[in-house]
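Text of the file query.cif, holding mmCIF, N, CA and C atoms:
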data_coords
loop_
_atom_site.label_atom_id
_atom_site.label_comp_id
_atom_site.auth_asym_id
_atom_site.auth_seq_id
_atom_site.Cartn_x
_atom_site.Cartn_y
_atom_site.Cartn_z
N GLY A 1 -12.73 -1.16 4.23
CA GLY A 1 -11.49 -1.90 4.25
C GLY A 1 -10.33 -1.01 4.59
N VAL A 2 -9.23 -1.64 4.83
CA VAL A 2 -8.01 -0.92 5.14
C VAL A 2 -7.21 -0.81 3.86
N SER A 3 -6.85 0.40 3.47
CA SER A 3 -6.08 0.56 2.25
C SER A 3 -4.60 0.48 2.56
N PRO A 4 -3.83 -0.11 1.64
CA PRO A 4 -2.40 -0.27 1.91
C PRO A 4 -1.71 1.08 1.96
N SER A 5 -0.70 1.17 2.79
CA SER A 5 0.05 2.40 2.87
C SER A 5 1.06 2.43 1.73
N PRO A 6 1.47 3.62 1.32
CA PRO A 6 2.44 3.68 0.23
C PRO A 6 3.77 3.10 0.67
N PRO A 7 4.53 2.50 -0.24
CA PRO A 7 5.82 1.93 0.14
C PRO A 7 6.76 3.03 0.60
N SER A 8 7.63 2.69 1.51
CA SER A 8 8.59 3.66 2.00
C SER A 8 9.98 3.23 1.57
N SER A 9 10.91 4.12 1.75
CA SER A 9 12.28 3.79 1.37
C SER A 9 12.83 2.74 2.32
N ARG A 10 13.68 1.90 1.76
CA ARG A 10 14.29 0.87 2.60
C ARG A 10 15.48 1.46 3.34
N GLY A 11 15.80 0.85 4.44
CA GLY A 11 16.96 1.33 5.20
C GLY A 11 16.80 0.94 6.65
N GLY A 12 17.75 1.38 7.45
CA GLY A 12 17.74 1.06 8.86
C GLY A 12 16.59 1.72 9.57
N GLY A 13 16.18 1.16 10.68
CA GLY A 13 15.07 1.69 11.45
C GLY A 13 15.46 2.85 12.34
N HIS A 14 16.73 3.30 12.23
CA HIS A 14 17.18 4.33 13.14
C HIS A 14 17.38 5.67 12.45
N ALA A 15 16.98 5.80 11.20
CA ALA A 15 17.15 7.06 10.50
C ALA A 15 16.14 8.07 11.01
N ALA A 16 16.60 9.29 11.23
CA ALA A 16 15.69 10.34 11.67
C ALA A 16 14.79 10.71 10.51
N GLY A 17 13.54 11.03 10.83
CA GLY A 17 12.63 11.40 9.75
C GLY A 17 11.25 11.62 10.30
N GLY A 18 10.31 11.81 9.41
CA GLY A 18 8.93 12.06 9.84
C GLY A 18 8.80 13.47 10.37
N SER A 19 7.63 13.80 10.85
CA SER A 19 7.40 15.16 11.32
C SER A 19 7.57 15.28 12.82
N ALA A 20 8.03 14.22 13.46
CA ALA A 20 8.19 14.27 14.91
C ALA A 20 9.50 14.96 15.30
N GLY A 21 10.36 15.21 14.31
CA GLY A 21 11.58 15.94 14.61
C GLY A 21 12.73 15.06 15.04
N GLY A 22 12.50 13.80 15.31
CA GLY A 22 13.57 12.90 15.67
C GLY A 22 14.12 13.11 17.07
N HIS A 23 13.47 13.92 17.89
CA HIS A 23 13.95 14.15 19.25
C HIS A 23 13.42 13.07 20.17
N SER A 24 14.29 12.57 21.03
CA SER A 24 13.88 11.52 21.96
C SER A 24 13.62 12.12 23.33
N THR A 25 12.58 11.66 23.98
CA THR A 25 12.29 12.11 25.33
C THR A 25 12.74 11.09 26.36
N GLY A 26 13.33 10.00 25.89
CA GLY A 26 13.77 8.96 26.81
C GLY A 26 12.61 8.25 27.46
N GLY A 27 11.49 8.13 26.76
CA GLY A 27 10.31 7.49 27.31
C GLY A 27 10.56 6.02 27.61
N SER A 28 9.89 5.52 28.60
CA SER A 28 10.05 4.12 28.96
C SER A 28 9.04 3.28 28.19
N VAL A 29 9.32 2.00 28.07
CA VAL A 29 8.42 1.09 27.40
C VAL A 29 8.15 -0.08 28.33
N SER A 30 6.88 -0.37 28.54
CA SER A 30 6.52 -1.54 29.31
C SER A 30 5.53 -2.36 28.53
N VAL A 31 5.57 -3.67 28.71
CA VAL A 31 4.69 -4.57 27.98
C VAL A 31 3.87 -5.35 28.98
N ALA A 32 2.55 -5.35 28.79
CA ALA A 32 1.67 -6.12 29.65
C ALA A 32 0.84 -7.04 28.78
N GLY A 33 0.89 -8.31 29.03
CA GLY A 33 0.14 -9.24 28.20
C GLY A 33 -0.83 -10.05 29.02
N CYS A 34 -1.73 -10.71 28.34
CA CYS A 34 -2.69 -11.58 28.99
C CYS A 34 -2.11 -12.98 29.02
N GLY A 35 -1.74 -13.46 30.18
CA GLY A 35 -1.13 -14.77 30.29
C GLY A 35 -2.14 -15.90 30.18
N SER A 36 -3.40 -15.63 30.47
CA SER A 36 -4.42 -16.67 30.37
C SER A 36 -5.74 -16.05 29.99
N GLY A 37 -6.69 -16.87 29.69
CA GLY A 37 -8.01 -16.38 29.32
C GLY A 37 -8.18 -16.35 27.81
N PRO A 38 -9.39 -16.11 27.35
CA PRO A 38 -9.68 -16.18 25.92
C PRO A 38 -9.18 -14.99 25.12
N SER A 39 -8.88 -13.87 25.78
CA SER A 39 -8.48 -12.67 25.06
C SER A 39 -7.12 -12.84 24.42
N GLN A 40 -6.97 -12.32 23.21
CA GLN A 40 -5.67 -12.34 22.55
C GLN A 40 -5.12 -10.93 22.46
N SER A 41 -5.39 -10.11 23.44
CA SER A 41 -4.92 -8.74 23.37
C SER A 41 -3.62 -8.58 24.13
N LEU A 42 -2.85 -7.64 23.69
CA LEU A 42 -1.59 -7.30 24.33
C LEU A 42 -1.47 -5.79 24.27
N VAL A 43 -1.14 -5.17 25.37
CA VAL A 43 -1.03 -3.72 25.40
C VAL A 43 0.43 -3.35 25.59
N VAL A 44 0.95 -2.55 24.69
CA VAL A 44 2.33 -2.08 24.78
C VAL A 44 2.27 -0.58 24.95
N ARG A 45 2.97 -0.05 25.93
CA ARG A 45 2.82 1.35 26.26
C ARG A 45 4.12 2.12 26.23
N PRO A 46 4.50 2.69 25.09
CA PRO A 46 5.62 3.63 25.15
C PRO A 46 5.12 4.97 25.69
N THR A 47 5.74 5.51 26.70
CA THR A 47 5.31 6.77 27.28
C THR A 47 6.05 7.91 26.59
N SER A 48 5.32 8.95 26.21
CA SER A 48 5.92 10.06 25.48
C SER A 48 5.39 11.38 26.01
N LEU A 49 6.25 12.39 25.99
CA LEU A 49 5.84 13.74 26.36
C LEU A 49 5.53 14.58 25.13
N HIS A 50 5.60 13.98 23.94
CA HIS A 50 5.25 14.69 22.71
C HIS A 50 3.74 14.96 22.69
N ALA A 51 3.34 15.95 21.89
CA ALA A 51 1.92 16.23 21.69
C ALA A 51 1.28 15.05 20.96
N PRO A 52 -0.01 14.78 21.20
CA PRO A 52 -0.68 13.65 20.53
C PRO A 52 -0.56 13.70 19.00
N GLU A 53 -0.60 14.89 18.41
CA GLU A 53 -0.49 15.01 16.96
C GLU A 53 0.87 14.52 16.48
N GLU A 54 1.94 14.84 17.23
CA GLU A 54 3.29 14.40 16.87
C GLU A 54 3.42 12.88 17.04
N ILE A 55 2.81 12.36 18.09
CA ILE A 55 2.84 10.91 18.32
C ILE A 55 2.15 10.20 17.17
N MET A 56 0.99 10.71 16.73
CA MET A 56 0.27 10.09 15.63
C MET A 56 1.10 10.12 14.35
N GLN A 57 1.76 11.23 14.06
CA GLN A 57 2.59 11.30 12.86
C GLN A 57 3.72 10.26 12.92
N GLU A 58 4.26 10.04 14.10
CA GLU A 58 5.33 9.05 14.26
C GLU A 58 4.78 7.63 14.13
N ILE A 59 3.58 7.39 14.64
CA ILE A 59 2.93 6.08 14.47
C ILE A 59 2.75 5.79 12.99
N LEU A 60 2.21 6.75 12.25
CA LEU A 60 1.97 6.56 10.82
C LEU A 60 3.27 6.33 10.07
N ARG A 61 4.33 7.07 10.42
CA ARG A 61 5.62 6.88 9.77
C ARG A 61 6.17 5.48 10.05
N ALA A 62 6.06 5.04 11.30
CA ALA A 62 6.56 3.72 11.68
C ALA A 62 5.77 2.61 10.99
N LEU A 63 4.46 2.78 10.85
CA LEU A 63 3.65 1.77 10.15
C LEU A 63 4.06 1.68 8.68
N ARG A 64 4.27 2.83 8.04
CA ARG A 64 4.71 2.82 6.64
C ARG A 64 6.06 2.12 6.51
N ALA A 65 6.99 2.48 7.39
CA ALA A 65 8.33 1.90 7.33
C ALA A 65 8.31 0.39 7.59
N SER A 66 7.34 -0.06 8.39
CA SER A 66 7.21 -1.48 8.71
C SER A 66 6.32 -2.21 7.71
N ARG A 67 5.84 -1.50 6.69
CA ARG A 67 4.99 -2.06 5.65
C ARG A 67 3.71 -2.68 6.21
N VAL A 68 3.07 -1.94 7.12
CA VAL A 68 1.80 -2.35 7.69
C VAL A 68 0.71 -1.45 7.11
N ALA A 69 -0.33 -2.04 6.53
CA ALA A 69 -1.46 -1.26 6.01
C ALA A 69 -2.24 -0.69 7.18
N PHE A 70 -2.79 0.51 6.99
CA PHE A 70 -3.52 1.13 8.10
C PHE A 70 -4.55 2.11 7.59
N LYS A 71 -5.47 2.45 8.49
CA LYS A 71 -6.46 3.49 8.23
C LYS A 71 -6.62 4.29 9.51
N GLN A 72 -6.39 5.59 9.45
CA GLN A 72 -6.58 6.43 10.62
C GLN A 72 -8.06 6.73 10.73
N VAL A 73 -8.69 6.26 11.81
CA VAL A 73 -10.13 6.41 11.97
C VAL A 73 -10.52 7.57 12.89
N SER A 74 -9.56 8.11 13.61
CA SER A 74 -9.79 9.29 14.45
C SER A 74 -8.42 9.91 14.73
N PRO A 75 -8.38 11.09 15.34
CA PRO A 75 -7.08 11.69 15.66
C PRO A 75 -6.22 10.86 16.60
N SER A 76 -6.84 9.90 17.30
CA SER A 76 -6.07 9.11 18.26
C SER A 76 -6.10 7.61 17.99
N LEU A 77 -6.76 7.16 16.90
CA LEU A 77 -6.90 5.73 16.66
C LEU A 77 -6.55 5.36 15.22
N VAL A 78 -5.73 4.31 15.09
CA VAL A 78 -5.36 3.78 13.78
C VAL A 78 -5.69 2.29 13.76
N ARG A 79 -6.39 1.84 12.71
CA ARG A 79 -6.66 0.41 12.51
C ARG A 79 -5.59 -0.11 11.56
N CYS A 80 -4.93 -1.18 11.95
CA CYS A 80 -3.80 -1.71 11.20
C CYS A 80 -4.10 -3.12 10.72
N GLU A 81 -3.50 -3.50 9.59
CA GLU A 81 -3.71 -4.83 9.03
C GLU A 81 -2.44 -5.30 8.33
N ARG A 82 -2.10 -6.57 8.58
CA ARG A 82 -0.95 -7.16 7.90
C ARG A 82 -1.12 -8.68 7.88
N LYS A 83 -1.09 -9.25 6.70
CA LYS A 83 -1.15 -10.70 6.51
C LYS A 83 -2.31 -11.34 7.27
N GLY A 84 -3.51 -10.78 7.13
CA GLY A 84 -4.69 -11.35 7.77
C GLY A 84 -4.83 -11.02 9.24
N MET A 85 -3.89 -10.30 9.81
CA MET A 85 -3.94 -9.92 11.21
C MET A 85 -4.39 -8.46 11.30
N ARG A 86 -5.24 -8.16 12.26
CA ARG A 86 -5.69 -6.79 12.47
C ARG A 86 -5.43 -6.39 13.92
N PHE A 87 -4.98 -5.15 14.09
CA PHE A 87 -4.78 -4.62 15.43
C PHE A 87 -4.98 -3.11 15.42
N ASP A 88 -5.27 -2.57 16.58
CA ASP A 88 -5.48 -1.13 16.75
C ASP A 88 -4.31 -0.52 17.50
N MET A 89 -3.99 0.72 17.15
CA MET A 89 -3.03 1.53 17.90
C MET A 89 -3.78 2.80 18.31
N GLN A 90 -3.78 3.09 19.60
CA GLN A 90 -4.52 4.24 20.10
C GLN A 90 -3.67 5.05 21.06
N ILE A 91 -3.72 6.36 20.90
CA ILE A 91 -3.02 7.28 21.80
C ILE A 91 -3.98 7.64 22.92
N SER A 92 -3.51 7.54 24.15
CA SER A 92 -4.36 7.93 25.28
C SER A 92 -3.50 8.60 26.34
N PRO A 93 -4.11 9.48 27.13
CA PRO A 93 -3.35 10.14 28.20
C PRO A 93 -2.87 9.13 29.23
N GLN A 94 -1.71 9.40 29.76
CA GLN A 94 -1.19 8.59 30.86
C GLN A 94 -2.06 8.89 32.08
N THR A 95 -1.66 8.54 33.23
CA THR A 95 -2.45 8.78 34.45
C THR A 95 -2.40 10.25 34.86
N ALA A 96 -3.24 10.63 35.78
CA ALA A 96 -3.28 12.00 36.28
C ALA A 96 -1.95 12.41 36.90
N GLN A 97 -1.22 11.43 37.45
CA GLN A 97 0.07 11.72 38.08
C GLN A 97 1.13 12.11 37.06
N THR A 98 0.92 11.76 35.80
CA THR A 98 1.90 12.07 34.77
C THR A 98 1.24 12.97 33.72
N ALA A 99 0.76 14.11 34.17
CA ALA A 99 0.07 15.04 33.27
C ALA A 99 0.97 15.43 32.11
N GLY A 100 0.40 15.44 30.91
CA GLY A 100 1.17 15.80 29.72
C GLY A 100 1.85 14.62 29.06
N ALA A 101 1.79 13.46 29.67
CA ALA A 101 2.39 12.26 29.08
C ALA A 101 1.30 11.42 28.42
N TYR A 102 1.66 10.78 27.31
CA TYR A 102 0.72 9.94 26.58
C TYR A 102 1.31 8.56 26.37
N MET A 103 0.43 7.59 26.20
CA MET A 103 0.89 6.25 25.88
C MET A 103 0.18 5.77 24.62
N VAL A 104 0.81 4.83 23.97
CA VAL A 104 0.23 4.22 22.78
C VAL A 104 -0.19 2.82 23.16
N LYS A 105 -1.48 2.54 23.04
CA LYS A 105 -2.01 1.21 23.35
C LYS A 105 -2.17 0.44 22.05
N LEU A 106 -1.71 -0.78 22.04
CA LEU A 106 -1.89 -1.67 20.90
C LEU A 106 -2.76 -2.82 21.34
N GLN A 107 -3.73 -3.18 20.52
CA GLN A 107 -4.60 -4.31 20.85
C GLN A 107 -4.82 -5.17 19.63
N ASN A 108 -4.59 -6.46 19.80
CA ASN A 108 -4.82 -7.43 18.74
C ASN A 108 -6.32 -7.63 18.58
N ILE A 109 -6.81 -7.51 17.34
CA ILE A 109 -8.23 -7.69 17.07
C ILE A 109 -8.47 -9.08 16.47
N VAL A 110 -7.73 -9.41 15.42
CA VAL A 110 -7.87 -10.70 14.74
C VAL A 110 -6.47 -11.19 14.36
N GLY A 111 -6.20 -12.45 14.61
CA GLY A 111 -4.94 -13.03 14.18
C GLY A 111 -4.19 -13.72 15.31
N GLU A 112 -3.12 -14.38 14.91
CA GLU A 112 -2.31 -15.13 15.87
C GLU A 112 -1.54 -14.17 16.78
N LEU A 113 -1.49 -14.49 18.05
CA LEU A 113 -0.83 -13.65 19.03
C LEU A 113 0.66 -13.51 18.73
N ASP A 114 1.32 -14.59 18.30
CA ASP A 114 2.75 -14.52 17.99
C ASP A 114 3.02 -13.57 16.83
N ASP A 115 2.18 -13.61 15.78
CA ASP A 115 2.34 -12.69 14.66
C ASP A 115 2.12 -11.25 15.11
N TYR A 116 1.12 -11.07 15.97
CA TYR A 116 0.84 -9.73 16.50
C TYR A 116 2.02 -9.21 17.30
N ARG A 117 2.57 -10.03 18.17
CA ARG A 117 3.70 -9.60 19.00
C ARG A 117 4.89 -9.22 18.13
N GLU A 118 5.17 -10.02 17.10
CA GLU A 118 6.30 -9.75 16.21
C GLU A 118 6.09 -8.43 15.46
N THR A 119 4.90 -8.25 14.90
CA THR A 119 4.62 -7.04 14.13
C THR A 119 4.60 -5.80 15.02
N SER A 120 3.95 -5.89 16.18
CA SER A 120 3.89 -4.73 17.06
C SER A 120 5.27 -4.36 17.58
N ALA A 121 6.11 -5.35 17.86
CA ALA A 121 7.49 -5.07 18.30
C ALA A 121 8.27 -4.36 17.20
N LYS A 122 8.06 -4.77 15.96
CA LYS A 122 8.75 -4.14 14.82
C LYS A 122 8.31 -2.68 14.69
N VAL A 123 7.00 -2.43 14.78
CA VAL A 123 6.50 -1.06 14.66
C VAL A 123 7.01 -0.21 15.80
N LEU A 124 6.97 -0.73 17.03
CA LEU A 124 7.45 0.05 18.18
C LEU A 124 8.93 0.34 18.10
N ALA A 125 9.72 -0.63 17.59
CA ALA A 125 11.16 -0.40 17.45
C ALA A 125 11.43 0.69 16.43
N GLU A 126 10.55 0.81 15.44
CA GLU A 126 10.69 1.83 14.39
C GLU A 126 10.34 3.23 14.90
N MET A 127 9.47 3.30 15.90
CA MET A 127 9.02 4.59 16.41
C MET A 127 10.14 5.30 17.15
N GLN A 128 10.22 6.61 16.93
CA GLN A 128 11.26 7.43 17.57
C GLN A 128 10.60 8.45 18.47
N LEU A 129 10.17 7.99 19.63
CA LEU A 129 9.52 8.88 20.61
C LEU A 129 10.30 8.87 21.90
#

How does this structure look as structure tokens?
Amino acid sequence: GVSPSPPSSRGGGHAAGGSAGGHSTGGSVSVAGCGSGPSQSLVVRPTSLHAPEEIMQEILRALRASRVAFKQVSPSLVRCERKGMRFDMQISPQTAQTAGAYMVKLQNIVGELDDYRETSAKVLAEMQL
């Protein structure tokens, strides 16, 4: 099972913190969704030049701040759960043309797509990459 994350302090989503250092690389964010078909997955890709370890620390901080339960299952994959909805967040290298850049892929596993979109948007807004 997924164990709940410890509660975090309340406050605005723009406070610097975590081990990522709070430095912004000005990464772009693009959203690609499935407009039709049986899949309920949505991939959101913030591009970052931070090291994968720093990106993971920021993902974990954002999940705690957003009150999303999670379990880190590998150095690049986190399984998340909130109100009966489950989704994965995974760090993967960008394309060969953008060496050194990484993206965070989010995929809905179980749950309503609208709930997933709302929760994933909240977590991404909390992330400072």

Which of these residues is nearest to Gly84 (chain A), using all atoms listed in the file: A:Val110, A:Ala101, A:Val68, A:Leu60?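 Residue with the minimum atom-to-atom distance to Gly84 (chain A): A:Val110.
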
Reference answer for the PyMOL selection byres ((chain A and resi 58) around 7), as a PDB file with N, CA and C atoms, keeping the file's coordinate frame:
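Listing of selection-v7.pdb after writing:
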ATOM      1  N   GLY A  18      10.310  11.810   9.410  1.00  0.00           N
ATOM      2  CA  GLY A  18       8.930  12.060   9.840  1.00  0.00           C
ATOM      3  C   GLY A  18       8.800  13.470  10.370  1.00  0.00           C
ATOM      4  N   SER A  19       7.630  13.800  10.850  1.00  0.00           N
ATOM      5  CA  SER A  19       7.400  15.160  11.320  1.00  0.00           C
ATOM      6  C   SER A  19       7.570  15.280  12.820  1.00  0.00           C
ATOM      7  N   ALA A  20       8.030  14.220  13.460  1.00  0.00           N
ATOM      8  CA  ALA A  20       8.190  14.270  14.910  1.00  0.00           C
ATOM      9  C   ALA A  20       9.500  14.960  15.300  1.00  0.00           C
ATOM     10  N   GLU A  53      -0.600  14.890  18.410  1.00  0.00           N
ATOM     11  CA  GLU A  53      -0.490  15.010  16.960  1.00  0.00           C
ATOM     12  C   GLU A  53       0.870  14.520  16.480  1.00  0.00           C
ATOM     13  N   GLU A  54       1.940  14.840  17.230  1.00  0.00           N
ATOM     14  CA  GLU A  54       3.290  14.400  16.870  1.00  0.00           C
ATOM     15  C   GLU A  54       3.420  12.880  17.040  1.00  0.00           C
ATOM     16  N   ILE A  55       2.810  12.360  18.090  1.00  0.00           N
ATOM     17  CA  ILE A  55       2.840  10.910  18.320  1.00  0.00           C
ATOM     18  C   ILE A  55       2.150  10.200  17.170  1.00  0.00           C
ATOM     19  N   MET A  56       0.990  10.710  16.730  1.00  0.00           N
ATOM     20  CA  MET A  56       0.270  10.090  15.630  1.00  0.00           C
ATOM     21  C   MET A  56       1.100  10.120  14.350  1.00  0.00           C
ATOM     22  N   GLN A  57       1.760  11.230  14.060  1.00  0.00           N
ATOM     23  CA  GLN A  57       2.590  11.300  12.860  1.00  0.00           C
ATOM     24  C   GLN A  57       3.720  10.260  12.920  1.00  0.00           C
ATOM     25  N   ILE A  59       3.580   7.390  14.640  1.00  0.00           N
ATOM     26  CA  ILE A  59       2.930   6.080  14.470  1.00  0.00           C
ATOM     27  C   ILE A  59       2.750   5.790  12.990  1.00  0.00           C
ATOM     28  N   LEU A  60       2.210   6.750  12.250  1.00  0.00           N
ATOM     29  CA  LEU A  60       1.970   6.560  10.820  1.00  0.00           C
ATOM     30  C   LEU A  60       3.270   6.330  10.070  1.00  0.00           C
ATOM     31  N   ARG A  61       4.330   7.070  10.420  1.00  0.00           N
ATOM     32  CA  ARG A  61       5.620   6.880   9.770  1.00  0.00           C
ATOM     33  C   ARG A  61       6.170   5.480  10.050  1.00  0.00           C
ATOM     34  N   ALA A  62       6.060   5.040  11.300  1.00  0.00           N
ATOM     35  CA  ALA A  62       6.560   3.720  11.680  1.00  0.00           C
ATOM     36  C   ALA A  62       5.770   2.610  10.990  1.00  0.00           C
ATOM     37  N   LEU A  63       4.460   2.780  10.850  1.00  0.00           N
ATOM     38  CA  LEU A  63       3.650   1.770  10.150  1.00  0.00           C
ATOM     39  C   LEU A  63       4.060   1.680   8.680  1.00  0.00           C
ATOM     40  N   MET A 127       9.470   3.300  15.900  1.00  0.00           N
ATOM     41  CA  MET A 127       9.020   4.590  16.410  1.00  0.00           C
ATOM     42  C   MET A 127      10.140   5.300  17.150  1.00  0.00           C
ATOM     43  N   GLN A 128      10.220   6.610  16.930  1.00  0.00           N
ATOM     44  CA  GLN A 128      11.260   7.430  17.570  1.00  0.00           C
ATOM     45  C   GLN A 128      10.600   8.450  18.470  1.00  0.00           C
TER      46      GLN A 128
END

Using the chain letters and numbers from the file, give me the residues hit by the PyMOL selection byres (((chain A and resi 126 and name CA) around 8) and name CA), as a CSV table (one decimal) with N, CA and C atoms, in the coordinates of the input.
chain,number,residue,atom,x,y,z
A,13,GLY,N,16.2,1.2,10.7
A,13,GLY,CA,15.1,1.7,11.4
A,13,GLY,C,15.5,2.8,12.3
A,14,HIS,N,16.7,3.3,12.2
A,14,HIS,CA,17.2,4.3,13.1
A,14,HIS,C,17.4,5.7,12.4
A,62,ALA,N,6.1,5.0,11.3
A,62,ALA,CA,6.6,3.7,11.7
A,62,ALA,C,5.8,2.6,11.0
A,65,ALA,N,7.0,2.5,7.4
A,65,ALA,CA,8.3,1.9,7.3
A,65,ALA,C,8.3,0.4,7.6
A,66,SER,N,7.3,-0.1,8.4
A,66,SER,CA,7.2,-1.5,8.7
A,66,SER,C,6.3,-2.2,7.7
A,122,LYS,N,8.1,-4.8,16.0
A,122,LYS,CA,8.8,-4.1,14.8
A,122,LYS,C,8.3,-2.7,14.7
A,123,VAL,N,7.0,-2.4,14.8
A,123,VAL,CA,6.5,-1.1,14.7
A,123,VAL,C,7.0,-0.2,15.8
A,124,LEU,N,7.0,-0.7,17.0
A,124,LEU,CA,7.4,0.0,18.2
A,124,LEU,C,8.9,0.3,18.1
A,125,ALA,N,9.7,-0.6,17.6
A,125,ALA,CA,11.2,-0.4,17.4
A,125,ALA,C,11.4,0.7,16.4
A,127,MET,N,9.5,3.3,15.9
A,127,MET,CA,9.0,4.6,16.4
A,127,MET,C,10.1,5.3,17.2
A,128,GLN,N,10.2,6.6,16.9
A,128,GLN,CA,11.3,7.4,17.6
A,128,GLN,C,10.6,8.4,18.5

Residues matched by the PyMOL selection byres ((chain A and resi 107) around 5), written as a short mmCIF file (atom, residue, chain, number, x, y, z; two decimals) with N, CA and C atoms, keeping the file's coordinate frame:
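Done, and the output landed in selection_37.cif:
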data_model
loop_
_atom_site.label_atom_id
_atom_site.label_comp_id
_atom_site.auth_asym_id
_atom_site.auth_seq_id
_atom_site.Cartn_x
_atom_site.Cartn_y
_atom_site.Cartn_z
N LEU A 42 -2.85 -7.64 23.69
CA LEU A 42 -1.59 -7.30 24.33
C LEU A 42 -1.47 -5.79 24.27
N PHE A 87 -4.98 -5.15 14.09
CA PHE A 87 -4.78 -4.62 15.43
C PHE A 87 -4.98 -3.11 15.42
N ASP A 88 -5.27 -2.57 16.58
CA ASP A 88 -5.48 -1.13 16.75
C ASP A 88 -4.31 -0.52 17.50
N LYS A 105 -1.48 2.54 23.04
CA LYS A 105 -2.01 1.21 23.35
C LYS A 105 -2.17 0.44 22.05
N LEU A 106 -1.71 -0.78 22.04
CA LEU A 106 -1.89 -1.67 20.90
C LEU A 106 -2.76 -2.82 21.34
N ASN A 108 -4.59 -6.46 19.80
CA ASN A 108 -4.82 -7.43 18.74
C ASN A 108 -6.32 -7.63 18.58
N ILE A 109 -6.81 -7.51 17.34
CA ILE A 109 -8.23 -7.69 17.07
C ILE A 109 -8.47 -9.08 16.47
#

Interatomic distance between atom C of Asp114 (chain A) and CA of Cys80 (chain A)?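 Going from atom C of Asp114 (chain A) over to CA of Cys80 (chain A), I get 14.8 Å.
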
Between atom N of Ala69 (chain A) and atom C of Gln94 (chain A) - distance in Å to one decimal: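 Between atom C of Gln94 (chain A) and atom N of Ala69 (chain A) the gap works out to 27.8 Å.
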
Two-atom distance - atom N of Met103 (chain A), atom N of Lys83 (chain A) (Å):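 We find that atom N of Met103 (chain A) and atom N of Lys83 (chain A) lie 25.8 Å from each other.
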
Pick from A:Pro93, A:Leu129, A:Arg117, A:Arg67: nearest to Glu81 (chain A), with only N, CA and C atoms counted? A:Arg67

What's around Gly100 (chain A) at 6.5 Å? Count all atoms listed in the file, leave out sequence neighbours fewer than 5 positions away in its own chain, and write the answer as a ChimeraX atom specification. /A:48-50,94

Store the residues of this selection in a file with N, CA and C atoms, as an mmCIF file, keeping the file's coordinate frame.
data_model
loop_
_atom_site.group_PDB
_atom_site.id
_atom_site.type_symbol
_atom_site.label_atom_id
_atom_site.label_comp_id
_atom_site.auth_asym_id
_atom_site.auth_seq_id
_atom_site.Cartn_x
_atom_site.Cartn_y
_atom_site.Cartn_z
ATOM 1 N N SER A 48 5.320 8.950 26.210
ATOM 2 C CA SER A 48 5.920 10.060 25.480
ATOM 3 C C SER A 48 5.390 11.380 26.010
ATOM 4 N N LEU A 49 6.250 12.390 25.990
ATOM 5 C CA LEU A 49 5.840 13.740 26.360
ATOM 6 C C LEU A 49 5.530 14.580 25.130
ATOM 7 N N HIS A 50 5.600 13.980 23.940
ATOM 8 C CA HIS A 50 5.250 14.690 22.710
ATOM 9 C C HIS A 50 3.740 14.960 22.690
ATOM 10 N N GLN A 94 -1.710 9.400 29.760
ATOM 11 C CA GLN A 94 -1.190 8.590 30.860
ATOM 12 C C GLN A 94 -2.060 8.890 32.080
#

Give the answer as one residue: which of A:Arg64, A:Val104, A:Gly111, A:Pro52 has the shortest atom-to-atom distance to Arg86 (chain A), using only C-alpha atoms?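 Among the listed residues, the smallest separation from Arg86 (chain A) belongs to A:Gly111.
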